Every structure is written in C-alpha cells, then in structure tokens.
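Participant: Structure file start.pdb (PDB, C-alpha atoms, pLDDT in the B column) is given on the next line.
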ATOM      1  CA  MET A   1     -38.018 -23.283 -45.030  1.00 39.00           C
ATOM      2  CA  THR A   2     -34.580 -22.332 -43.855  1.00 39.00           C
ATOM      3  CA  ALA A   3     -34.303 -21.252 -40.273  1.00 41.00           C
ATOM      4  CA  THR A   4     -32.472 -18.027 -39.620  1.00 40.00           C
ATOM      5  CA  HIS A   5     -29.917 -17.866 -36.834  1.00 40.00           C
ATOM      6  CA  THR A   6     -30.700 -15.395 -34.103  1.00 39.00           C
ATOM      7  CA  PRO A   7     -27.659 -14.093 -32.226  1.00 40.00           C
ATOM      8  CA  HIS A   8     -27.552 -15.172 -28.609  1.00 39.00           C
ATOM      9  CA  ALA A   9     -29.018 -12.454 -26.436  1.00 39.00           C
ATOM     10  CA  THR A  10     -26.765 -11.048 -23.721  1.00 38.00           C
ATOM     11  CA  HIS A  11     -28.190 -11.385 -20.261  1.00 37.00           C
ATOM     12  CA  PRO A  12     -26.803  -9.950 -17.039  1.00 39.00           C
ATOM     13  CA  THR A  13     -25.718 -13.444 -16.029  1.00 39.00           C
ATOM     14  CA  ASP A  14     -23.528 -13.672 -19.138  1.00 40.00           C
ATOM     15  CA  THR A  15     -21.346 -10.720 -18.225  1.00 40.00           C
ATOM     16  CA  PRO A  16     -18.493 -10.974 -15.747  1.00 59.00           C
ATOM     17  CA  HIS A  17     -19.386 -10.073 -12.215  1.00 84.00           C
ATOM     18  CA  ALA A  18     -17.301  -7.677 -10.188  1.00 93.00           C
ATOM     19  CA  ALA A  19     -15.751  -9.146  -7.069  1.00 97.00           C
ATOM     20  CA  THR A  20     -14.016  -7.687  -4.037  1.00 98.00           C
ATOM     21  CA  ARG A  21     -10.332  -6.859  -3.946  1.00 98.00           C
ATOM     22  CA  TYR A  22      -8.547  -7.240  -0.616  1.00 98.00           C
ATOM     23  CA  LEU A  23      -5.337  -5.234  -0.740  1.00 98.00           C
ATOM     24  CA  TYR A  24      -2.720  -6.029   1.896  1.00 98.00           C
ATOM     25  CA  LEU A  25      -0.137  -3.284   2.290  1.00 98.00           C
ATOM     26  CA  THR A  26       3.096  -3.392   4.244  1.00 98.00           C
ATOM     27  CA  ARG A  27       6.136  -1.223   4.595  1.00 98.00           C
ATOM     28  CA  HIS A  28       9.445  -3.045   4.138  1.00 98.00           C
ATOM     29  CA  GLY A  29      11.294  -4.331   7.203  1.00 98.00           C
ATOM     30  CA  GLU A  30      13.795  -2.201   9.087  1.00 98.00           C
ATOM     31  CA  ALA A  31      16.663  -1.221   6.764  1.00 98.00           C
ATOM     32  CA  THR A  32      20.367  -0.595   7.305  1.00 97.00           C
ATOM     33  CA  PRO A  33      21.483   3.058   7.502  1.00 95.00           C
ATOM     34  CA  ASP A  34      22.396   3.058   3.798  1.00 95.00           C
ATOM     35  CA  GLU A  35      19.007   1.439   2.999  1.00 94.00           C
ATOM     36  CA  GLY A  36      20.758  -1.180   0.876  1.00 94.00           C
ATOM     37  CA  ALA A  37      19.515  -4.179   2.855  1.00 97.00           C
ATOM     38  CA  LEU A  38      17.473  -5.214   5.863  1.00 98.00           C
ATOM     39  CA  THR A  39      18.863  -5.341   9.374  1.00 98.00           C
ATOM     40  CA  PRO A  40      18.537  -8.580  11.379  1.00 98.00           C
ATOM     41  CA  THR A  41      15.469  -6.967  12.959  1.00 98.00           C
ATOM     42  CA  GLY A  42      14.050  -6.213   9.524  1.00 98.00           C
ATOM     43  CA  ARG A  43      14.568  -9.771   8.336  1.00 98.00           C
ATOM     44  CA  ARG A  44      12.829 -11.148  11.409  1.00 98.00           C
ATOM     45  CA  GLN A  45       9.950  -8.695  10.937  1.00 98.00           C
ATOM     46  CA  ALA A  46       9.463  -9.821   7.344  1.00 98.00           C
ATOM     47  CA  THR A  47       9.539 -13.497   8.271  1.00 98.00           C
ATOM     48  CA  LEU A  48       6.946 -13.018  11.017  1.00 98.00           C
ATOM     49  CA  LEU A  49       4.677 -11.126   8.634  1.00 98.00           C
ATOM     50  CA  GLY A  50       4.952 -13.987   6.162  1.00 98.00           C
ATOM     51  CA  GLU A  51       3.934 -16.409   8.893  1.00 98.00           C
ATOM     52  CA  ARG A  52       0.906 -14.260   9.684  1.00 98.00           C
ATOM     53  CA  LEU A  53      -0.171 -14.267   6.035  1.00 98.00           C
ATOM     54  CA  ARG A  54      -0.010 -18.045   5.580  1.00 97.00           C
ATOM     55  CA  GLY A  55      -3.763 -18.393   5.900  1.00 94.00           C
ATOM     56  CA  VAL A  56      -4.535 -15.644   3.376  1.00 97.00           C
ATOM     57  CA  PRO A  57      -5.308 -16.815  -0.198  1.00 98.00           C
ATOM     58  CA  LEU A  58      -2.859 -14.383  -1.787  1.00 98.00           C
ATOM     59  CA  SER A  59      -2.658 -14.487  -5.564  1.00 97.00           C
ATOM     60  CA  ALA A  60       0.384 -12.213  -5.923  1.00 97.00           C
ATOM     61  CA  ILE A  61       3.054 -10.248  -4.101  1.00 98.00           C
ATOM     62  CA  HIS A  62       3.907  -6.910  -5.708  1.00 98.00           C
ATOM     63  CA  HIS A  63       6.953  -5.068  -4.397  1.00 98.00           C
ATOM     64  CA  GLY A  64       8.899  -1.939  -5.085  1.00 98.00           C
ATOM     65  CA  PRO A  65      12.203  -2.237  -6.969  1.00 98.00           C
ATOM     66  CA  LEU A  66      14.484  -1.036  -4.141  1.00 98.00           C
ATOM     67  CA  PRO A  67      16.514  -3.698  -2.290  1.00 98.00           C
ATOM     68  CA  ARG A  68      14.816  -3.259   1.082  1.00 98.00           C
ATOM     69  CA  ALA A  69      11.376  -3.889  -0.440  1.00 98.00           C
ATOM     70  CA  ALA A  70      12.578  -6.754  -2.641  1.00 98.00           C
ATOM     71  CA  GLU A  71      14.265  -8.505   0.289  1.00 98.00           C
ATOM     72  CA  THR A  72      11.171  -8.089   2.452  1.00 98.00           C
ATOM     73  CA  ALA A  73       8.982  -9.571  -0.291  1.00 98.00           C
ATOM     74  CA  ARG A  74      11.341 -12.528  -0.692  1.00 98.00           C
ATOM     75  CA  LEU A  75      11.336 -13.312   3.031  1.00 98.00           C
ATOM     76  CA  ILE A  76       7.543 -13.059   3.177  1.00 98.00           C
ATOM     77  CA  GLY A  77       7.258 -15.296   0.121  1.00 98.00           C
ATOM     78  CA  ASP A  78       9.505 -17.891   1.739  1.00 97.00           C
ATOM     79  CA  GLN A  79       6.758 -18.452   4.303  1.00 98.00           C
ATOM     80  CA  LEU A  80       4.025 -18.895   1.700  1.00 97.00           C
ATOM     81  CA  ASP A  81       3.198 -21.644  -0.753  1.00 91.00           C
ATOM     82  CA  GLY A  82       4.202 -20.627  -4.258  1.00 92.00           C
ATOM     83  CA  VAL A  83       2.737 -17.107  -4.329  1.00 97.00           C
ATOM     84  CA  PRO A  84       4.361 -15.311  -7.288  1.00 96.00           C
ATOM     85  CA  ALA A  85       6.274 -12.112  -6.547  1.00 96.00           C
ATOM     86  CA  HIS A  86       7.475  -9.429  -8.926  1.00 96.00           C
ATOM     87  CA  ALA A  87       8.934  -5.935  -8.848  1.00 98.00           C
ATOM     88  CA  CYS A  88       6.640  -3.102  -9.830  1.00 96.00           C
ATOM     89  CA  GLU A  89       7.700   0.536 -10.183  1.00 97.00           C
ATOM     90  CA  PRO A  90       4.362   1.991  -8.969  1.00 98.00           C
ATOM     91  CA  ALA A  91       4.962   0.116  -5.687  1.00 98.00           C
ATOM     92  CA  GLY A  92       8.206   2.047  -5.193  1.00 98.00           C
ATOM     93  CA  ASP A  93       9.319   4.901  -2.976  1.00 97.00           C
ATOM     94  CA  TYR A  94       8.291   8.367  -4.157  1.00 97.00           C
ATOM     95  CA  VAL A  95       6.390  11.510  -3.207  1.00 98.00           C
ATOM     96  CA  PRO A  96       2.851  10.886  -4.493  1.00 98.00           C
ATOM     97  CA  TYR A  97       1.628  14.473  -4.330  1.00 98.00           C
ATOM     98  CA  THR A  98       3.008  17.907  -3.489  1.00 98.00           C
ATOM     99  CA  PRO A  99       0.309  20.110  -1.964  1.00 98.00           C
ATOM    100  CA  ARG A 100      -0.183  23.816  -2.474  1.00 97.00           C
ATOM    101  CA  ARG A 101      -0.091  26.049   0.560  1.00 97.00           C
ATOM    102  CA  ASP A 102      -3.773  26.951   0.205  1.00 97.00           C
ATOM    103  CA  GLU A 103      -4.727  23.266   0.533  1.00 97.00           C
ATOM    104  CA  LEU A 104      -3.090  22.898   3.930  1.00 98.00           C
ATOM    105  CA  PRO A 105      -4.172  23.838   7.445  1.00 97.00           C
ATOM    106  CA  ALA A 106      -2.688  27.258   8.129  1.00 97.00           C
ATOM    107  CA  ASP A 107      -1.060  26.226  11.392  1.00 97.00           C
ATOM    108  CA  SER A 108       0.880  23.311   9.864  1.00 97.00           C
ATOM    109  CA  ALA A 109       1.478  24.491   6.284  1.00 98.00           C
ATOM    110  CA  ASP A 110       5.068  25.591   6.870  1.00 98.00           C
ATOM    111  CA  PHE A 111       6.011  22.307   8.522  1.00 97.00           C
ATOM    112  CA  LEU A 112       4.415  20.131   5.828  1.00 97.00           C
ATOM    113  CA  LEU A 113       5.769  22.109   2.886  1.00 98.00           C
ATOM    114  CA  GLU A 114       9.274  22.113   4.345  1.00 98.00           C
ATOM    115  CA  PHE A 115       9.102  18.347   4.649  1.00 97.00           C
ATOM    116  CA  VAL A 116       7.866  17.723   1.099  1.00 98.00           C
ATOM    117  CA  HIS A 117      10.336  20.131  -0.471  1.00 97.00           C
ATOM    118  CA  ARG A 118      13.261  18.186   0.962  1.00 97.00           C
ATOM    119  CA  PHE A 119      12.792  15.839  -1.979  1.00 97.00           C
ATOM    120  CA  PRO A 120      14.248  16.700  -5.415  1.00 96.00           C
ATOM    121  CA  PRO A 121      11.940  18.489  -7.874  1.00 96.00           C
ATOM    122  CA  GLU A 122      12.271  15.710 -10.447  1.00 95.00           C
ATOM    123  CA  GLU A 123      11.074  13.155  -7.891  1.00 93.00           C
ATOM    124  CA  ARG A 124       8.127  15.338  -6.936  1.00 96.00           C
ATOM    125  CA  ALA A 125       7.235  15.758 -10.603  1.00 96.00           C
ATOM    126  CA  ARG A 126       7.298  12.024 -11.373  1.00 97.00           C
ATOM    127  CA  GLY A 127       5.623  10.880  -8.171  1.00 98.00           C
ATOM    128  CA  PRO A 128       2.024  11.747  -9.100  1.00 98.00           C
ATOM    129  CA  LEU A 129       2.296   9.708 -12.309  1.00 98.00           C
ATOM    130  CA  LEU A 130       3.401   6.651 -10.357  1.00 98.00           C
ATOM    131  CA  ALA A 131       0.759   7.251  -7.694  1.00 98.00           C
ATOM    132  CA  ARG A 132      -1.953   7.326 -10.349  1.00 98.00           C
ATOM    133  CA  ALA A 133      -0.625   4.080 -11.801  1.00 98.00           C
ATOM    134  CA  ALA A 134      -0.624   2.510  -8.333  1.00 98.00           C
ATOM    135  CA  GLU A 135      -4.264   3.472  -7.763  1.00 97.00           C
ATOM    136  CA  GLU A 136      -5.273   2.014 -11.108  1.00 97.00           C
ATOM    137  CA  ARG A 137      -3.340  -1.186 -10.543  1.00 97.00           C
ATOM    138  CA  PHE A 138      -4.024  -1.904  -6.880  1.00 97.00           C
ATOM    139  CA  THR A 139      -7.414  -0.427  -5.966  1.00 97.00           C
ATOM    140  CA  GLY A 140     -11.000  -0.883  -7.118  1.00 96.00           C
ATOM    141  CA  PRO A 141     -12.998  -4.106  -7.519  1.00 96.00           C
ATOM    142  CA  VAL A 142     -11.826  -6.957  -9.740  1.00 96.00           C
ATOM    143  CA  ASP A 143     -13.509  -8.479 -12.779  1.00 94.00           C
ATOM    144  CA  GLY A 144     -14.956 -11.944 -12.424  1.00 92.00           C
ATOM    145  CA  PRO A 145     -16.850 -13.838  -9.749  1.00 93.00           C
ATOM    146  CA  GLU A 146     -14.019 -14.479  -7.273  1.00 96.00           C
ATOM    147  CA  ASP A 147     -12.534 -12.167  -4.684  1.00 97.00           C
ATOM    148  CA  ARG A 148      -8.837 -11.383  -5.011  1.00 97.00           C
ATOM    149  CA  HIS A 149      -6.217 -11.013  -2.270  1.00 98.00           C
ATOM    150  CA  GLU A 150      -2.957  -9.251  -3.147  1.00 98.00           C
ATOM    151  CA  LEU A 151       0.023  -8.054  -1.113  1.00 98.00           C
ATOM    152  CA  VAL A 152       2.019  -4.917  -1.898  1.00 98.00           C
ATOM    153  CA  VAL A 153       5.392  -4.573  -0.173  1.00 98.00           C
ATOM    154  CA  THR A 154       6.192  -0.915  -0.466  1.00 98.00           C
ATOM    155  CA  HIS A 155       7.161   2.217   1.443  1.00 98.00           C
ATOM    156  CA  ASN A 156       5.607   4.658   3.868  1.00 97.00           C
ATOM    157  CA  PHE A 157       4.366   7.257   1.401  1.00 98.00           C
ATOM    158  CA  LEU A 158       2.462   4.958  -0.938  1.00 98.00           C
ATOM    159  CA  ILE A 159       0.560   3.276   1.879  1.00 98.00           C
ATOM    160  CA  GLY A 160      -0.535   6.680   3.145  1.00 98.00           C
ATOM    161  CA  TRP A 161      -1.541   7.677  -0.375  1.00 98.00           C
ATOM    162  CA  LEU A 162      -3.654   4.577  -1.022  1.00 98.00           C
ATOM    163  CA  VAL A 163      -5.389   4.801   2.356  1.00 98.00           C
ATOM    164  CA  ARG A 164      -6.167   8.442   1.614  1.00 97.00           C
ATOM    165  CA  ALA A 165      -7.419   7.551  -1.844  1.00 96.00           C
ATOM    166  CA  VAL A 166      -9.908   4.874  -0.800  1.00 94.00           C
ATOM    167  CA  LEU A 167     -11.279   7.161   1.923  1.00 95.00           C
ATOM    168  CA  ASP A 168     -11.598  10.001  -0.600  1.00 95.00           C
ATOM    169  CA  ALA A 169      -9.663  12.314   1.720  1.00 97.00           C
ATOM    170  CA  PRO A 170      -7.947  15.494   0.472  1.00 97.00           C
ATOM    171  CA  LYS A 171      -4.862  14.756  -1.593  1.00 98.00           C
ATOM    172  CA  TRP A 172      -2.484  16.308   0.899  1.00 98.00           C
ATOM    173  CA  ARG A 173      -3.667  13.943   3.623  1.00 97.00           C
ATOM    174  CA  TRP A 174      -1.161  11.227   2.731  1.00 98.00           C
ATOM    175  CA  LEU A 175       1.092  13.309   4.946  1.00 97.00           C
ATOM    176  CA  GLY A 176       0.915  12.204   8.553  1.00 93.00           C
ATOM    177  CA  LEU A 177      -0.191   8.632   7.803  1.00 95.00           C
ATOM    178  CA  ASN A 178       2.924   6.946   9.118  1.00 94.00           C
ATOM    179  CA  GLN A 179       3.631   3.223   8.896  1.00 96.00           C
ATOM    180  CA  CYS A 180       5.876   1.025  11.007  1.00 97.00           C
ATOM    181  CA  ASN A 181       8.225  -1.458   9.368  1.00 98.00           C
ATOM    182  CA  ALA A 182       6.424  -4.702   8.462  1.00 98.00           C
ATOM    183  CA  ALA A 183       3.129  -3.502   9.917  1.00 98.00           C
ATOM    184  CA  LEU A 184      -0.005  -4.504   8.023  1.00 98.00           C
ATOM    185  CA  THR A 185      -2.769  -2.383   6.524  1.00 98.00           C
ATOM    186  CA  VAL A 186      -5.703  -3.966   4.686  1.00 98.00           C
ATOM    187  CA  ILE A 187      -8.043  -2.190   2.270  1.00 98.00           C
ATOM    188  CA  ARG A 188     -11.285  -3.685   0.982  1.00 98.00           C
ATOM    189  CA  CYS A 189     -12.514  -2.563  -2.451  1.00 97.00           C
ATOM    190  CA  PRO A 190     -15.993  -4.051  -3.052  1.00 97.00           C
ATOM    191  CA  PRO A 191     -18.079  -4.090  -6.246  1.00 95.00           C
ATOM    192  CA  PRO A 192     -19.866  -0.900  -7.308  1.00 94.00           C
ATOM    193  CA  GLY A 193     -22.620   0.207  -4.987  1.00 92.00           C
ATOM    194  CA  ARG A 194     -20.596  -0.062  -1.808  1.00 94.00           C
ATOM    195  CA  PRO A 195     -17.721   2.183  -0.698  1.00 95.00           C
ATOM    196  CA  PRO A 196     -14.197   0.901  -0.115  1.00 97.00           C
ATOM    197  CA  SER A 197     -13.009   0.653   3.462  1.00 97.00           C
ATOM    198  CA  VAL A 198      -9.875   0.339   5.545  1.00 98.00           C
ATOM    199  CA  LEU A 199     -10.263  -2.869   7.564  1.00 98.00           C
ATOM    200  CA  PHE A 200      -7.272  -2.096   9.761  1.00 96.00           C
ATOM    201  CA  SER A 201      -4.159   0.044   9.586  1.00 97.00           C
ATOM    202  CA  ASN A 202      -0.548  -0.171  10.817  1.00 97.00           C
ATOM    203  CA  ASP A 203      -1.283  -3.447  12.638  1.00 98.00           C
ATOM    204  CA  MET A 204       1.739  -4.935  14.415  1.00 97.00           C
ATOM    205  CA  ALA A 205       0.025  -7.857  16.158  1.00 97.00           C
ATOM    206  CA  HIS A 206       2.378 -10.373  14.506  1.00 98.00           C
ATOM    207  CA  LEU A 207       5.470  -8.632  15.909  1.00 98.00           C
ATOM    208  CA  PRO A 208       6.711  -9.082  19.489  1.00 97.00           C
ATOM    209  CA  ALA A 209       7.163  -5.854  21.428  1.00 94.00           C
ATOM    210  CA  PRO A 210      10.931  -5.450  20.730  1.00 95.00           C
ATOM    211  CA  LEU A 211      10.269  -5.512  16.961  1.00 97.00           C
ATOM    212  CA  ARG A 212       7.434  -2.968  16.927  1.00 96.00           C
ATOM    213  CA  TRP A 213       7.518   0.756  16.141  1.00 95.00           C
ATOM    214  CA  THR A 214      10.682   0.706  14.012  1.00 97.00           C
ATOM    215  CA  GLY A 215      10.473   3.231  11.212  1.00 95.00           C
ATOM    216  CA  TYR A 216       7.949   5.321  13.147  1.00 89.00           C
ATOM    217  CA  PRO A 217       8.741   8.847  14.368  1.00 86.00           C
ATOM    218  CA  PRO A 218       9.910   8.467  17.991  1.00 85.00           C
ATOM    219  CA  GLU A 219       7.635  11.221  19.250  1.00 83.00           C
ATOM    220  CA  LEU A 220       4.568   9.358  17.915  1.00 83.00           C
ATOM    221  CA  ARG A 221       5.323   5.945  19.392  1.00 86.00           C
ATOM    222  CA  ILE A 222       2.881   4.572  21.921  1.00 81.00           C
ATOM    223  CA  THR A 223       4.385   2.661  24.824  1.00 73.00           C
ATOM    224  CA  TYR A 224       2.353   0.107  26.706  1.00 63.00           C
TER     225      TYR A 224
END
Is it possible to give me this structure as structure tokens?

Facilitator:
Amino acid sequence: MTATHTPHATHPTDTPHAATRYLYLTRHGEATPDEGALTPTGRRQATLLGERLRGVPLSAIHHGPLPRAAETARLIGDQLDGVPAHACEPAGDYVPYTPRRDELPADSADFLLEFVHRFPPEERARGPLLARAAEERFTGPVDGPEDRHELVVTHNFLIGWLVRAVLDAPKWRWLGLNQCNAALTVIRCPPPGRPPSVLFSNDMAHLPAPLRWTGYPPELRITY
C-alpha cells in the first residue's frame, strides 16, 4: 500500500510573529542661513546625539535627501558601529497636510492657514503622498520575532506628522508640534492588540544648555 503525502498543516507557531518597532526621530542639527550645511553648533549637536545612541541596537539610519539632514546622519553614524545609512525621500522636508478652515479651531484658523499657505502649491500637493509613504515605511509593527530599532534624521514637519499619526490625532495637529535641532523623539509601535505610544518627545538631555533650543520658536523656549 502506497502512503499518500499529507501537506504539512500550518500552525500559529509556523507563521511569522509581529514584533515591536522602536522609531527614533530627530531633526537635523542647526543649519547655516542658506541651509546648505550645518553650523559648528549643528555638527556638535549631531555628534552628541550619536554618542547618546551608541547603546541602541539600531539596524538602520534613514535620512532626508537635503544636505543638512544628510550631514547630520553622517555625523551620527560616525559615532556608531557600522549602522547603514541611506537617503530616503519620504524622510525629507515637506508639508504633510494642508487643513481646511472648518477643521481648525476658530480662534487660530487664520494664523495656521497663513502659515501653511506660505509654501508653494506644488509642495503642498505632493506632501501628503510623501507623508503617507513615510507612515507606511516607518510606523507599525515589524514582521518576525525580533524588535527593530531605526533612526530617521528628518525635519520638523515630518516628526510632528508621525507623532500625530501614532496618537490618532486630527490631521491638522502636526501644526504646533515643534522640534529642536538634534532633539530626540521615540515612538513605540507594538504588535496588534496594543496601541502605539510616544515614549518621549523633543528630548535634549544629551545636549549641554548652550546647544539646546536651536530651531525652536524663541517665544516658546523654556529657560531654566
């Protein structure tokens, strides 16, 4: 009698598990007035952030294509042990979403709309496409059994957008989430069944006092 082969049954243990993504976000270091390079302060900020991240098991550094982000990523990478870095357009500088007036608080709608409409229409049209790509690429749990730690060196707007996204806040709420140069924000995206969370935001603990608050609106700076 010839035995027949029975296909191997699929059990839950045979399928890849979902693991937690830890997303480290930083704004580039302080830039020169023409934004073509980092200032000496910006270079020092980036180096100190790299030193802070030495104990983090980063698997990759993603950075925007503009020189100030690329230089920041390089200086951070110089402090780490062989973490690959690459340019990524969704990590760039763009307006992620242009709100409608009826979405905004009545008392601040004029101010917010005037700010957003300073940017060219073509940039505001393309921004949401890049923002969607950034969400898909950088947020959510990861496939497989091991947690993943990734760094994105980017710009103010995208950090605000991703923080807003993981908290499921209204789309316009990326506005007002300001980031200092080389400050650190960390998002945790766990497997399904648990909500994502912001572990900390705009953290400057690795920077001495003279290097903090650059890139932040002067009227919002806290002195202590």

Participant: Record the distance separating atom CA of Leu151 of chain A and atom CA of Asn181 of chain A, expressed in Å with one decimal.

Facilitator: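 Distance reported for this atom pair: 14.9 Å.
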
Participant: Using the chain letters and numbers from this file, what does the PyMOL selection byres ((chain A and resi 17-29) around 8) select? Give the answer as a ChimeraX atom specification.

Facilitator: /A:15-16,30-31,38-39,41-43,45-46,68-69,72-73,138-156,159,179-192

Participant: For a test of reading the model, state the distance in Å between atom CA of Ala60 of chain A and atom CA of Val163 of chain A, rounded to one decimal.

Facilitator: 19.8 Å

Participant: What separation in Å, quoted to one decimal, exists between atom CA of Thr214 of chain A and atom CA of Thr32 of chain A?

Facilitator: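 If I compute the distance from atom CA of Thr214 of chain A to atom CA of Thr32 of chain A, I get 11.9 Å.
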
Participant: For this structure, which residues satisfy the selection - the PyMOL selection byres ((chain A and resi 83) around 8) - when it is evaluated on the file as given? I want them as a list in words.

Facilitator: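 Matching residues under the PyMOL selection byres ((chain A and resi 83) around 8) are Leu58, Ser59, Ala60, Ile61, Gly77, Leu80, Asp81, Gly82, Pro84 and Ala85 of chain A.
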
Participant: On this structure, the PyMOL selection byres ((chain A and resi 106-118) around 12) would catch which residues? List them as a VMD selection string, sorted by chain and number.

Facilitator: chain A and resid 94 to 105 119 to 125 127 157 172 to 176

Participant: Box in all listed atoms of segment 157-169 of chain A, axis-aligned, with 4 Å more on each side; write out centre and edge lengths in Å to one decimal as JSON.

Facilitator:
{"center_x": -3.6, "center_y": 7.8, "center_z": 0.7, "size_x": 24.0, "size_y": 17.0, "size_z": 13.0}

Participant: Output segment 83-111 of chain A as a compact mmCIF listing (two decimals), in the coordinates of the input, making sure N, CA and C atoms are there.

Facilitator:
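Result saved to part-v5.txt:
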# COMPACT_ATOMS: atom_id res chain seq x y z
N VAL A 83 3.38 -18.35 -3.89
CA VAL A 83 2.74 -17.11 -4.33
C VAL A 83 3.73 -16.33 -5.18
N PRO A 84 3.40 -16.01 -6.42
CA PRO A 84 4.36 -15.31 -7.29
C PRO A 84 4.62 -13.89 -6.81
N ALA A 85 5.87 -13.46 -6.94
CA ALA A 85 6.27 -12.11 -6.55
C ALA A 85 6.99 -11.45 -7.71
N HIS A 86 6.78 -10.15 -7.86
CA HIS A 86 7.48 -9.43 -8.93
C HIS A 86 7.62 -7.96 -8.56
N ALA A 87 8.69 -7.36 -9.07
CA ALA A 87 8.93 -5.94 -8.85
C ALA A 87 8.00 -5.10 -9.70
N CYS A 88 7.61 -3.96 -9.16
CA CYS A 88 6.64 -3.10 -9.83
C CYS A 88 6.96 -1.66 -9.47
N GLU A 89 7.28 -0.84 -10.46
CA GLU A 89 7.70 0.54 -10.18
C GLU A 89 6.65 1.35 -9.44
N PRO A 90 5.34 1.23 -9.75
CA PRO A 90 4.36 1.99 -8.97
C PRO A 90 4.32 1.63 -7.49
N ALA A 91 4.89 0.49 -7.10
CA ALA A 91 4.96 0.12 -5.69
C ALA A 91 6.22 0.65 -5.02
N GLY A 92 6.93 1.54 -5.69
CA GLY A 92 8.21 2.05 -5.19
C GLY A 92 8.08 3.18 -4.20
N ASP A 93 9.20 3.85 -3.98
CA ASP A 93 9.32 4.90 -2.98
C ASP A 93 9.38 6.25 -3.69
N TYR A 94 8.36 7.07 -3.49
CA TYR A 94 8.29 8.37 -4.16
C TYR A 94 7.28 9.26 -3.45
N VAL A 95 7.35 10.54 -3.74
CA VAL A 95 6.39 11.51 -3.21
C VAL A 95 5.16 11.49 -4.11
N PRO A 96 4.00 11.04 -3.61
CA PRO A 96 2.85 10.89 -4.49
C PRO A 96 2.15 12.19 -4.87
N TYR A 97 2.34 13.23 -4.05
CA TYR A 97 1.63 14.47 -4.33
C TYR A 97 2.26 15.59 -3.52
N THR A 98 2.50 16.72 -4.17
CA THR A 98 3.01 17.91 -3.49
C THR A 98 1.88 18.92 -3.35
N PRO A 99 1.45 19.21 -2.14
CA PRO A 99 0.31 20.11 -1.96
C PRO A 99 0.69 21.57 -2.17
N ARG A 100 -0.33 22.36 -2.47
CA ARG A 100 -0.18 23.82 -2.47
C ARG A 100 -0.44 24.34 -1.06
N ARG A 101 0.10 25.48 -0.78
CA ARG A 101 -0.09 26.05 0.56
C ARG A 101 -1.57 26.24 0.89
N ASP A 102 -2.37 26.67 -0.11
CA ASP A 102 -3.77 26.95 0.20
C ASP A 102 -4.61 25.70 0.45
N GLU A 103 -4.04 24.51 0.22
CA GLU A 103 -4.73 23.27 0.53
C GLU A 103 -4.53 22.85 1.99
N LEU A 104 -3.53 23.40 2.64
CA LEU A 104 -3.09 22.90 3.93
C LEU A 104 -3.66 23.70 5.09
N PRO A 105 -3.78 23.08 6.25
CA PRO A 105 -4.17 23.84 7.44
C PRO A 105 -3.14 24.93 7.71
N ALA A 106 -3.60 26.12 7.99
CA ALA A 106 -2.69 27.26 8.13
C ALA A 106 -1.64 27.03 9.20
N ASP A 107 -2.00 26.36 10.29
CA ASP A 107 -1.06 26.23 11.39
C ASP A 107 0.02 25.17 11.16
N SER A 108 -0.14 24.33 10.13
CA SER A 108 0.88 23.31 9.86
C SER A 108 1.44 23.39 8.45
N ALA A 109 1.05 24.40 7.68
CA ALA A 109 1.48 24.49 6.28
C ALA A 109 2.99 24.60 6.16
N ASP A 110 3.62 25.43 6.97
CA ASP A 110 5.07 25.59 6.87
C ASP A 110 5.79 24.28 7.13
N PHE A 111 5.38 23.57 8.16
CA PHE A 111 6.01 22.31 8.52
C PHE A 111 5.87 21.29 7.40
